[in-house]
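Trainee: Just passing along the structure, written as structure tokens.
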Amino acid sequence: MKNFSFHNPTRIVFGKDCVAKLNKFIPEKERVLVCFGGGSVRSNGVYNQVKATLSGYTVHEFWGIEPNPSVETVRAAVAEGKSFNATCVLAVGGGSVLDACKLIAAALTTDADPWEITRAGVCKTYLPLYTVLTVPATGSEMNSGAVISNKGTGEKFPVTCGFPVVSFMDPSFCLTLGQRQRACGIADAYVHVLEQYLTFPQSGIMDRMAEGVLKQLIDIAPKCVKEELDYDTASEYMLTATIALNGFLGMGVVPDWATHFIGHEITALTSITHAETLTMILPHLWYVLLDHKQEKLAQYARRVWHITDIKDERKLALRAIERTVKFFRDLGLATSMLEKNVDPEVGNEIIERFYKRNTSLGEGQICTPELIEAVIRRSQQVKF
Ligand code: NZQ
Ligand code: ZN
């Protein structure tokens with residue numbers, strides 16, 4: 001196991017009606033910049049709950065943070081937040097609103113342009129951030145990451161910001177999510193675990209924890225994507241997605257994240273939903289890196305998919321890929337760029353970008369621009 005330092009300061013307040021406790025955690029003297037997405041919170045009652053608990057606070061509302069939040073929208077929020085003299089930020093929404101608010105909270109403390117901060121990759125100072133989560137998927141409610149798009153340049157990059165101080169998670173907010181949104185949430189969480197686990201044998205304890213979370217996602221997926229979601233399943237779904245990316249599974253291990261980096265490029269150029277870019281890339285990446293990942297894929301086949309009738313490691317690894325593809329397909333998600341009819345020019349542009357940046361991805365930077373090209377070409381040519 002590698003040396004590591006672990007710290008996660010976010011308090012989670014979880015459960016039905018937990019938003020009513022917001023005013024116990026945000027000091028009353030604060031000037032709160034409250035940010036929302038496009039309006040789902042108005043139709044499902046979340047907005048009214050937030051408003052009720054914040055009566056008595058000095059509040060300014062910012063609306064219109066879009067899925068795959070753009071730096072252009074962040075700039076507009078920062079301008080309003082500065083003229084309001086915000087002293088803290090409250091994000092109400094899914095990963096997109098939370099991510100945008102992480103950057104807003106940082107940009108409110110400096111004159112630097114938010115894109116400059118994003119490209120630097122790290123925010124040094126930030127206002128306190130509180131969140132009310134409405135989409136389980138990204139883990140943004142309990143991590144310090146944000147992913148920001150630039151509409152002008154057609155780019156999307158991650159940036160490390162501050163952790164939320166407190167995140168409020170009421171599973172009943174999930175009940176208004178559409179079936180596809182829930183499928184995407186499950187797939188995103190599943191790939192978050194795999195990005196940390198599916199490398200090479202590194203840590204017994206991290207492996208066992210990751211395998212547990214993967215099995216949990218496999219178990220709850222069919223109930224999660226059923227037409228009617230019940231509260232108990234929503235609770236399991238919500239907490240599992242948080243644990244998938246709050247750092248608990250990443251202690252002392254070298255992660256992969258290549259699928260995410262390639263996926264962000266696809267979203268930047270096509271606006272395809274984050275999770276589906278992952279399901280379109282991951283299986284192809286595993287085929288291309290089969291020699292390197294074979295041992296871990298075989299372990300995953302045995303321990304997560306309980307495949308006991310195959311002894312040959314190579315065949316086990318291949319079966320693990322097949323089972324994962326079936327899992328994604330059962331969620332109704334595409335497993336290749338070909339199937340999703342992604343314009344071949346998009347693939348060409350992404351390949352060129354990685355060559356130009358001379359970036360290698362994955363554990364130990366094993367995924368060179370040449371291998372990234374092979375992954376994208378395979379996703380463009382092979383349908384499952
Ligand atoms: O904008 P509104 O009207 O609120 O509608 C949203 C949005 O259209 C809707 N929605 C939210 N809560 C709802 C709801 N609809 C019905 N009922 C509710 N309770 O859902 C739509 C999608 O929301 P979004 O926030 O975009 O989804 P998600 O949580 O999947 O976030 C995706 C973003 O997070 C980034 C992705 O790249 C993408 O930009 N990620 C962030 C990560 C992180 N911070 O650690 C890691 C992830 O890998 C990911 O990259
Ligand atoms: Zn993700």
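Letters A, B, ... go to the chains of the structure tokens in the order shown; residues in each chain start at 1; ligands are counted from 1 in the same order.
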With only C-alpha atoms and all ligand atoms counted and 8 Å as the cut-off, give the residues of chain A in contact with ligand 1, each with its shortest interatomic distance in Å and the pair that gives it, as a Markdown table.
Mentor:
| residue | atom | partner | partner_atom_place_in_ligand_line | distance |
| --- | --- | --- | --- | --- |
| A:Phe36 | CA | ligand 1 | 4 (O) | 6.6 |
| A:Gly37 | CA | ligand 1 | 1 (O) | 3.6 |
| A:Gly38 | CA | ligand 1 | 3 (O) | 3.4 |
| A:Gly39 | CA | ligand 1 | 3 (O) | 3.9 |
| A:Ser40 | CA | ligand 1 | 3 (O) | 3.8 |
| A:Val41 | CA | ligand 1 | 4 (O) | 5.8 |
| A:Asn44 | CA | ligand 1 | 17 (N) | 6.9 |
| A:Gly64 | CA | ligand 1 | 1 (O) | 7.0 |
| A:Ile65 | CA | ligand 1 | 1 (O) | 6.5 |
| A:Glu66 | CA | ligand 1 | 1 (O) | 5.7 |
| A:Pro67 | CA | ligand 1 | 26 (O) | 3.6 |
| A:Asn68 | CA | ligand 1 | 39 (O) | 3.4 |
| A:Pro69 | CA | ligand 1 | 39 (O) | 5.9 |
| A:Gly93 | CA | ligand 1 | 12 (N) | 5.3 |
| A:Gly94 | CA | ligand 1 | 25 (O) | 3.3 |
| A:Gly95 | CA | ligand 1 | 29 (O) | 3.4 |
| A:Ser96 | CA | ligand 1 | 25 (O) | 3.7 |
| A:Val97 | CA | ligand 1 | 25 (O) | 5.7 |
| A:Leu98 | CA | ligand 1 | 44 (N) | 7.2 |
| A:Asp99 | CA | ligand 1 | 44 (N) | 5.4 |
| A:Leu133 | CA | ligand 1 | 12 (N) | 7.7 |
| A:Thr134 | CA | ligand 1 | 12 (N) | 4.3 |
| A:Val135 | CA | ligand 1 | 29 (O) | 4.8 |
| A:Pro136 | CA | ligand 1 | 29 (O) | 6.2 |
| A:Ala137 | CA | ligand 1 | 29 (O) | 5.2 |
| A:Thr138 | CA | ligand 1 | 47 (C) | 4.3 |
| A:Gly139 | CA | ligand 1 | 45 (O) | 5.4 |
| A:Ser140 | CA | ligand 1 | 44 (N) | 3.9 |
| A:Glu141 | CA | ligand 1 | 44 (N) | 7.6 |
| A:Asn143 | CA | ligand 1 | 45 (O) | 6.1 |
| A:Ser144 | CA | ligand 1 | 44 (N) | 6.9 |
| A:Gly145 | CA | ligand 1 | 44 (N) | 4.3 |
| A:Ala146 | CA | ligand 1 | 44 (N) | 4.1 |
| A:Val147 | CA | ligand 1 | 37 (O) | 5.3 |
| A:Ile148 | CA | ligand 1 | 39 (O) | 6.7 |
| A:Ser149 | CA | ligand 1 | 39 (O) | 7.7 |
| A:Pro158 | CA | ligand 1 | 50 (O) | 7.6 |
| A:Phe173 | CA | ligand 1 | 19 (N) | 4.8 |
| A:Cys174 | CA | ligand 1 | 19 (N) | 4.8 |
| A:Leu175 | CA | ligand 1 | 19 (N) | 6.7 |
| A:Thr176 | CA | ligand 1 | 17 (N) | 4.2 |
| A:Leu177 | CA | ligand 1 | 17 (N) | 3.8 |
| A:Gly178 | CA | ligand 1 | 16 (C) | 6.3 |
| A:Gln181 | CA | ligand 1 | 20 (O) | 6.7 |
| A:Cys184 | CA | ligand 1 | 30 (O) | 6.9 |
| A:Gly185 | CA | ligand 1 | 30 (O) | 5.9 |
| A:Asp188 | CA | ligand 1 | 48 (O) | 6.5 |
| A:Ala189 | CA | ligand 1 | 48 (O) | 7.9 |
| A:His192 | CA | ligand 1 | 48 (O) | 6.7 |
| A:Leu245 | CA | ligand 1 | 45 (O) | 6.8 |
| A:His260 | CA | ligand 1 | 48 (O) | 6.6 |
| A:His264 | CA | ligand 1 | 37 (O) | 6.5 |
| A:Thr273 | CA | ligand 1 | 38 (C) | 7.5 |
| A:His274 | CA | ligand 1 | 37 (O) | 5.3 |
| A:Ala275 | CA | ligand 1 | 30 (O) | 7.2 |
Trainee: Would you output that residue set with C-alpha atoms, as a CSV table (one decimal), in the first residue's frame?
Mentor:
chain,number,residue,atom,x,y,z
A,36,PHE,CA,-30.0,26.3,-8.4
A,37,GLY,CA,-30.2,24.5,-11.7
A,38,GLY,CA,-32.9,24.9,-14.3
A,39,GLY,CA,-36.0,24.6,-12.1
A,40,SER,CA,-36.6,21.0,-11.1
A,41,VAL,CA,-36.4,22.1,-7.5
A,44,ASN,CA,-40.6,18.9,-6.6
A,64,GLY,CA,-29.7,28.6,-14.3
A,65,ILE,CA,-26.7,26.4,-13.6
A,66,GLU,CA,-26.9,23.9,-16.5
A,67,PRO,CA,-25.9,20.2,-16.7
A,68,ASN,CA,-22.1,20.0,-17.3
A,69,PRO,CA,-21.8,23.5,-15.8
A,93,GLY,CA,-29.2,20.5,-7.1
A,94,GLY,CA,-27.2,17.7,-8.7
A,95,GLY,CA,-23.5,17.3,-9.3
A,96,SER,CA,-23.6,20.1,-11.9
A,97,VAL,CA,-24.9,22.7,-9.4
A,98,LEU,CA,-22.6,21.4,-6.7
A,99,ASP,CA,-19.5,21.5,-8.9
A,133,LEU,CA,-28.1,17.2,-3.0
A,134,THR,CA,-30.9,16.2,-5.5
A,135,VAL,CA,-29.1,13.6,-7.8
A,136,PRO,CA,-27.0,10.7,-6.3
A,137,ALA,CA,-24.2,10.1,-8.8
A,138,THR,CA,-21.1,12.1,-8.6
A,139,GLY,CA,-20.1,12.1,-4.9
A,140,SER,CA,-19.6,15.9,-5.3
A,141,GLU,CA,-21.5,16.4,-2.0
A,143,ASN,CA,-15.5,15.4,-2.2
A,144,SER,CA,-13.5,18.4,-3.3
A,145,GLY,CA,-13.7,17.8,-7.0
A,146,ALA,CA,-15.5,19.9,-9.7
A,147,VAL,CA,-15.7,19.4,-13.4
A,148,ILE,CA,-16.2,22.6,-15.4
A,149,SER,CA,-16.9,23.1,-19.1
A,158,PRO,CA,-11.6,18.8,-13.4
A,173,PHE,CA,-35.7,14.2,-3.4
A,174,CYS,CA,-34.6,11.2,-5.7
A,175,LEU,CA,-38.2,10.2,-6.2
A,176,THR,CA,-38.8,12.7,-8.9
A,177,LEU,CA,-35.7,11.7,-10.9
A,178,GLY,CA,-36.5,10.1,-14.3
A,181,GLN,CA,-31.3,9.9,-14.7
A,184,CYS,CA,-26.9,7.3,-15.2
A,185,GLY,CA,-26.4,7.9,-11.5
A,188,ASP,CA,-21.5,6.9,-12.8
A,189,ALA,CA,-21.1,5.6,-9.2
A,192,HIS,CA,-16.2,5.7,-9.9
A,245,LEU,CA,-16.4,8.8,-4.5
A,260,HIS,CA,-13.3,9.8,-17.0
A,264,HIS,CA,-15.0,14.5,-20.4
A,273,THR,CA,-24.5,12.8,-20.5
A,274,HIS,CA,-21.4,12.2,-18.4
A,275,ALA,CA,-22.3,8.6,-17.3
Trainee: May I have the residues within 8 Å of range 342-358 of chain A as a ChimeraX atom specification, using only C-alpha atoms and disregarding those fewer than 6 positions away in the same chain?
Mentor: /A:262,265-266,269-270,369-370,372-373,376-377,380
Trainee: Now that the selection is made, can you save its residues with C-alpha atoms as a tab-separated table (two decimals), in the first residue's frame?
Mentor:
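out.tsv, freshly written:
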chain	number	residue	atom	x	y	z
A	262	ILE	CA	-11.69	10.56	-22.21
A	265	GLU	CA	-13.71	15.17	-23.86
A	266	ILE	CA	-16.74	13.44	-25.41
A	269	LEU	CA	-17.70	18.14	-27.80
A	270	THR	CA	-21.15	16.49	-27.90
A	369	PRO	CA	-1.77	8.83	-26.50
A	370	GLU	CA	-1.31	5.81	-28.82
A	372	ILE	CA	-5.98	6.37	-25.99
A	373	GLU	CA	-6.30	6.42	-29.78
A	376	ILE	CA	-11.40	5.56	-29.06
A	377	ARG	CA	-11.02	3.75	-32.39
A	380	GLN	CA	-15.98	3.96	-32.79
Trainee: I'd like to know which of A:Gly263, A:Pro171, A:Pro27, A:Gly362 is closest to ligand 2, using only C-alpha atoms and all ligand atoms.
Mentor: A:Gly263
Trainee: If you count only C-alpha atoms, which residues fall within 10 Å of Trp115 in chain A, apart from same-chain ones fewer than 2 positions away, as a ChimeraX atom specification?
Mentor: /A:70-72,74-75,103,107,112-113,117-121,148-150,157,159
Trainee: Dump all heavy atoms for the selected residues as a tab-separated table (two decimals), in the first residue's frame?
Mentor:
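Final output, result_10.tsv:
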chain	number	residue	atom	x	y	z
A	70	SER	N	-21.01	25.37	-17.06
A	70	SER	CA	-20.02	26.09	-17.87
A	70	SER	C	-19.38	27.20	-17.06
A	70	SER	O	-19.98	27.77	-16.14
A	70	SER	CB	-20.70	26.69	-19.10
A	70	SER	OG	-21.55	27.74	-18.70
A	71	VAL	N	-18.18	27.53	-17.46
A	71	VAL	CA	-17.47	28.62	-16.80
A	71	VAL	C	-18.18	29.93	-17.09
A	71	VAL	O	-18.15	30.86	-16.26
A	71	VAL	CB	-15.99	28.64	-17.26
A	71	VAL	CG1	-15.85	29.10	-18.72
A	71	VAL	CG2	-15.16	29.51	-16.34
A	72	GLU	N	-18.88	30.00	-18.21
A	72	GLU	CA	-19.62	31.22	-18.54
A	72	GLU	C	-20.69	31.48	-17.47
A	72	GLU	O	-20.87	32.60	-17.00
A	72	GLU	CB	-20.25	31.09	-19.94
A	72	GLU	CG	-19.25	31.14	-21.11
A	72	GLU	CD	-18.60	29.78	-21.46
A	72	GLU	OE1	-18.78	28.81	-20.70
A	72	GLU	OE2	-17.89	29.72	-22.49
A	74	VAL	N	-20.68	30.19	-14.42
A	74	VAL	CA	-19.98	30.44	-13.15
A	74	VAL	C	-19.60	31.92	-13.05
A	74	VAL	O	-19.79	32.56	-12.01
A	74	VAL	CB	-18.72	29.54	-13.03
A	74	VAL	CG1	-17.82	29.99	-11.89
A	74	VAL	CG2	-19.14	28.08	-12.85
A	75	ARG	N	-19.11	32.49	-14.17
A	75	ARG	CA	-18.72	33.91	-14.14
A	75	ARG	C	-19.92	34.79	-13.78
A	75	ARG	O	-19.81	35.73	-12.98
A	75	ARG	CB	-18.20	34.34	-15.52
A	75	ARG	CG	-16.79	33.86	-15.80
A	75	ARG	CD	-16.26	34.46	-17.11
A	75	ARG	NE	-15.02	33.81	-17.49
A	75	ARG	CZ	-14.83	33.15	-18.63
A	75	ARG	NH1	-15.80	33.05	-19.53
A	75	ARG	NH2	-13.67	32.58	-18.88
A	103	LEU	N	-16.59	26.03	-7.56
A	103	LEU	CA	-15.75	27.02	-8.24
A	103	LEU	C	-16.23	28.44	-7.92
A	103	LEU	O	-15.40	29.35	-7.75
A	103	LEU	CB	-15.78	26.76	-9.76
A	103	LEU	CG	-14.86	27.64	-10.60
A	103	LEU	CD1	-13.40	27.55	-10.16
A	103	LEU	CD2	-14.97	27.27	-12.09
A	107	ALA	N	-13.99	31.39	-6.58
A	107	ALA	CA	-13.79	32.62	-7.37
A	107	ALA	C	-14.27	33.85	-6.61
A	107	ALA	O	-13.81	34.97	-6.90
A	107	ALA	CB	-14.51	32.49	-8.71
A	112	ALA	N	-9.10	36.36	-9.77
A	112	ALA	CA	-8.73	35.47	-10.89
A	112	ALA	C	-9.98	35.00	-11.63
A	112	ALA	O	-11.03	34.78	-11.02
A	112	ALA	CB	-7.97	34.26	-10.35
A	113	ASP	N	-9.87	34.86	-12.94
A	113	ASP	CA	-10.99	34.37	-13.74
A	113	ASP	C	-11.22	32.88	-13.42
A	113	ASP	O	-10.26	32.11	-13.26
A	113	ASP	CB	-10.66	34.54	-15.22
A	113	ASP	CG	-11.81	34.04	-16.08
A	113	ASP	OD1	-12.86	34.70	-16.10
A	113	ASP	OD2	-11.67	32.95	-16.69
A	117	ILE	N	-8.60	29.60	-12.84
A	117	ILE	CA	-8.55	28.74	-11.65
A	117	ILE	C	-8.70	27.27	-12.08
A	117	ILE	O	-7.97	26.39	-11.63
A	117	ILE	CB	-9.67	29.11	-10.65
A	117	ILE	CG1	-9.54	30.56	-10.21
A	117	ILE	CG2	-9.66	28.17	-9.45
A	117	ILE	CD1	-10.70	31.06	-9.33
A	118	THR	N	-9.66	27.03	-12.98
A	118	THR	CA	-9.90	25.64	-13.43
A	118	THR	C	-8.65	25.07	-14.08
A	118	THR	O	-8.25	23.94	-13.79
A	118	THR	CB	-11.08	25.62	-14.44
A	118	THR	OG1	-12.22	26.22	-13.83
A	118	THR	CG2	-11.41	24.20	-14.86
A	119	ARG	N	-8.02	25.84	-14.95
A	119	ARG	CA	-6.84	25.32	-15.66
A	119	ARG	C	-5.64	25.18	-14.73
A	119	ARG	O	-4.76	24.34	-14.98
A	119	ARG	CB	-6.50	26.21	-16.86
A	119	ARG	CG	-7.55	26.20	-17.96
A	119	ARG	CD	-7.90	24.77	-18.44
A	119	ARG	NE	-6.84	24.18	-19.24
A	119	ARG	CZ	-6.28	23.01	-18.98
A	119	ARG	NH1	-6.62	22.31	-17.92
A	119	ARG	NH2	-5.34	22.53	-19.77
A	120	ALA	N	-5.62	25.96	-13.66
A	120	ALA	CA	-4.54	25.77	-12.67
A	120	ALA	C	-4.75	24.44	-11.94
A	120	ALA	O	-3.83	23.86	-11.39
A	120	ALA	CB	-4.53	26.93	-11.67
A	121	GLY	N	-6.00	23.96	-11.94
A	121	GLY	CA	-6.29	22.62	-11.39
A	121	GLY	C	-6.59	22.59	-9.91
A	121	GLY	O	-6.98	21.56	-9.36
A	148	ILE	N	-15.63	21.38	-14.83
A	148	ILE	CA	-16.17	22.61	-15.41
A	148	ILE	C	-15.95	22.62	-16.92
A	148	ILE	O	-14.87	22.28	-17.41
A	148	ILE	CB	-15.49	23.86	-14.76
A	148	ILE	CG1	-15.63	23.83	-13.23
A	148	ILE	CG2	-16.05	25.16	-15.35
A	148	ILE	CD1	-17.04	23.89	-12.68
A	149	SER	N	-17.00	23.01	-17.65
A	149	SER	CA	-16.91	23.08	-19.11
A	149	SER	C	-16.70	24.52	-19.55
A	149	SER	O	-17.08	25.45	-18.85
A	149	SER	CB	-18.22	22.57	-19.73
A	149	SER	OG	-18.42	21.21	-19.38
A	150	ASN	N	-16.12	24.65	-20.74
A	150	ASN	CA	-15.96	25.97	-21.36
A	150	ASN	C	-16.65	25.90	-22.71
A	150	ASN	O	-16.19	25.21	-23.62
A	150	ASN	CB	-14.46	26.29	-21.52
A	150	ASN	CG	-14.22	27.69	-22.04
A	150	ASN	OD1	-14.94	28.17	-22.92
A	150	ASN	ND2	-13.21	28.34	-21.50
A	157	PHE	N	-12.75	20.32	-17.91
A	157	PHE	CA	-11.62	19.89	-17.08
A	157	PHE	C	-12.01	19.79	-15.60
A	157	PHE	O	-12.81	20.58	-15.11
A	157	PHE	CB	-10.47	20.89	-17.19
A	157	PHE	CG	-9.73	20.83	-18.50
A	157	PHE	CD1	-9.84	21.86	-19.42
A	157	PHE	CD2	-8.95	19.73	-18.83
A	157	PHE	CE1	-9.17	21.82	-20.63
A	157	PHE	CE2	-8.27	19.67	-20.04
A	157	PHE	CZ	-8.39	20.71	-20.95
A	159	VAL	N	-11.17	20.23	-11.55
A	159	VAL	CA	-10.40	21.13	-10.70
A	159	VAL	C	-10.65	20.73	-9.24
A	159	VAL	O	-11.76	20.34	-8.89
A	159	VAL	CB	-10.77	22.62	-10.97
A	159	VAL	CG1	-12.27	22.86	-10.95
A	159	VAL	CG2	-10.08	23.57	-10.00
Trainee: Find, counting only C-alpha atoms, the residue in A:Phe384, A:Phe248, A:Phe261, A:Trp305 that gets nearest to Thr359 in chain A.
Mentor: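 The closest residue to Thr359 in chain A is A:Phe261.
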Trainee: Give me every strand (DSSP E) residue in range 15-215 of chain A, going by DSSP on the backbone, as a ChimeraX atom specification.
Mentor: /A:31-36,58-62,88-93,129-133,145-150,155-160,166-169
Trainee: Find, counting only C-alpha atoms and all ligand atoms, the residue in A:Ser43, A:Gln294, A:Thr308, A:Thr259 that gets nearest to ligand 2.
Mentor: A:Thr259
Trainee: In Å, with one decimal, what is the gap from CA of Gly250 in chain A to CA of Lys2 in chain A?
Mentor: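 Going from CA of Gly250 in chain A over to CA of Lys2 in chain A, I get 10.6 Å.
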Trainee: Which residue gives the smallest distance to ligand 2 among A:Thr240, A:Ser167, A:Thr277, A:Gln299, with only C-alpha atoms and all ligand atoms counted?
Mentor: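 The answer is A:Thr277, which sits nearest to ligand 2.
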Trainee: I want to know what sits within 12 Å of Asp17 in chain A, based on only C-alpha atoms, with residues of the same chain fewer than 4 positions away left out; could you give that as a list of chain:residue names?
Mentor: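 Those residues are A:Val13, A:Lys21, A:Leu22, A:Gly45, A:Val46, A:Asn48, A:Gln49, A:Val50, A:Ala52, A:Thr53, A:Val132, A:Phe168, A:Met169, A:Asp170, A:Pro171, A:Ser172, A:Phe173.
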Trainee: Write down as a PyMOL selection string the residues belonging to range 133-316 of chain A that are assigned helix (DSSP H, G or I) by DSSP computed on the backbone.
Mentor: chain A and resi 140-142+171-176+179-197+204-224+231-244+258-270+274-288+290-303+313-316
